Each structure stands twice: as C-alpha cells, then as structure tokens.
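Okay, structure first, notes after.
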Amino acid sequence: LEEEGRYPEAEKLQRESLDLLRRVLGPDHPDTLISMNNLAWTLNQEGRYGEAEKLNRETLGTRLRVLGPDHPDTLRTMSNLASVLNHESQEAEAEKLDRETLSIRQHVFGPDHPDTLMSMNNLANVLFLEGKFTEAEELHREALSINRRVLGPSHPDTIRSMINLGAVLTSEGQYAETERLTREALAISQGALGPEHPLTLVTMNNLAETLTKLGKYAEAEKLNRKTLDIRRRVLGP
C-alpha cells in the first residue's frame, strides 16, 4: 500500500497491527518496534510530523534501552527522527542527531557502507538548509567520491550525489562548476536510466535553471520545453 501511495489505508492496517503486537508480544519486542517504526514512517509521508516525531522518539527510547546505540535498528530510528525534525524546521536537533548517527555508522559499518553514505547525505542536506554551505559541499564531495568508487558512476545513488552537490554549488554561486557537473550527471542518467527516468528529468530541470543563471537563455528555454514535453507524455497534462 505504501509503495502505491495509499498511506491512509496503510496507516489503518499498521495501527491495528501495532495494537495487536503490543498486546500479544509486549512493547519491547523487536516486531513491535518494527511496527512502530513503520507507522512513524507512514505518518511522516502523510505530513503528520508531530505524530511521527512523538512515535519516533518513543521507538528510539525503547531501542536505545533494549538494543543499544550501535544497533542498526536504533540508528535507523535516529535517522528517521532527524528526517521528521527537518520537516518541522528543527534543523539544530536534526543536525545533532545526524552527526551522531554518522559517527556511529562510520565506526560500526565503515565509511563505504550504504547506511554510512546515507547518513553523510542526510547531514549534508541539513547543513545546506542551515546555510552551512562549505561543510555541506565537503560532505557531498566525499559522498560522491565514495559512491563513484564503490557503486560506479552510473548508479542512481551516484547521480543523486552529483545532483546534491550541484545544489550546494548553486547556492554558493559556483554556476560554471554546477553546469559542468550537471551536464555530466545528465549524460550519465540519460545513458544509464533513460530519457524519461525521474532522475533524468530532475537533472534536466536543474541544468535549465543553471543555464538561466548563467544567462544562456536560449539553451535553457529549449531544455525546459523538452523537459515539459517528456513530463506531459509520461505523466499526462
């Protein structure tokens, strides 16, 4: 249901499941905690951030007590809570949680683990929202380097890293480097994922915005028209 975007139905089933698990297995059982985590994620997707925050804090408190701070499930809940706090514009606490999660994941899993890279990206995004562009750029460059080495240049996560770095560079006014990076990302995405893939369309849109900032209006207009045509064809008018 979640994959189909049917969040209200998913929420109803998850609440029923959680009530049953709490009653039968108890509040500290791993299956109960997984159910709490899933419900919190659904609430987050529905934009009900206050409820999601409360449930994530409850889940995190229990997982810290039962599983310890280094357990993957505990770290996942910490990351989820930081995401909710981000949505609530509580960037300072989100940054603190993301730094803690990244530090533990680097120690436990190593720098090349997908969860570690996810934490690097999450922290960089929080720093970006806080206007801490220099540190955000450093983290995105590090994540991109690791993604290229571990996953390869054509992996979707590598392309996302390029897009994220481009966003920071744009905010820093480094439009020429943004253009170069975004053109590279677009060529890779078109070749690896196809011209109609969502990542390709996002990259096309980003490149058009960068070209506009550089005063290359004719090329930007042409690219915007092409992006719009593809989106109309794929998504409808």
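Chains: A, B, ... in order of the structure tokens. Residues: from 1 per chain. Ligands: from 1, in order shown.
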Please provide as an NGL selection string all residues within 12 Å of region 94-109 of chain A, with the sequence filter that same-chain residues fewer than 6 positions apart are discarded (counting only C-alpha atoms).
:A and (53 or 57 or 60 or 68-88 or 115-130 or 132 or 136 or 139)
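Take CA of Glu196 (chain A) and CA of Ile230 (chain A): the distance between them is 6.6 Å.
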Surrounding residues of Arg15 (chain A) excluding itself and chain neighbours under 2 positions, 12 Å, only C-alpha atoms, as a ChimeraX atom specification
/A:7-13,17-22,32,35-40,42-43,55
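Taking CA of Ser154 (chain A) as the reference point, CA of Asp229 (chain A) is found at 24.8 Å.
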Can you pull out every residue within 8 Å of region 179-181 of chain A, counting only C-alpha atoms, but drop anything in the same chain fewer than 4 positions away, and send it as a VMD selection string?
chain A and resid 162 166 175 185 207 210 to 211
When distances are computed from only C-alpha atoms, which of A:Val168, A:Met204, A:Ala176, A:Ala143 shows the smallest separation from Glu221 (chain A)?
A:Met204
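Compared by their closest atoms to Glu135 (chain A), and using only C-alpha atoms, the residues A:Lys222, A:Leu193, A:Glu172, A:His113 rank with A:Glu172 nearest.
Between CA of Arg141 (chain A) and CA of Tyr217 (chain A) there is a distance of 28.7 Å.
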Using only C-alpha atoms, determine which residues lie at most 12 Å from Leu199 (chain A), disregarding the query and same-chain residues fewer than 2 positions distant; provide the list as JSON, numbers by chain.
{"A": [154, 155, 156, 157, 158, 159, 160, 161, 162, 163, 164, 182, 185, 186, 187, 188, 189, 190, 191, 192, 193, 194, 195, 196, 197, 201, 202, 203, 204, 205, 206, 227]}
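Each of A:Pro153, A:Gly236, A:Val24, A:Arg183 was checked against Leu223 (chain A) using only C-alpha atoms; the smallest atom-to-atom distance is that of A:Arg183.
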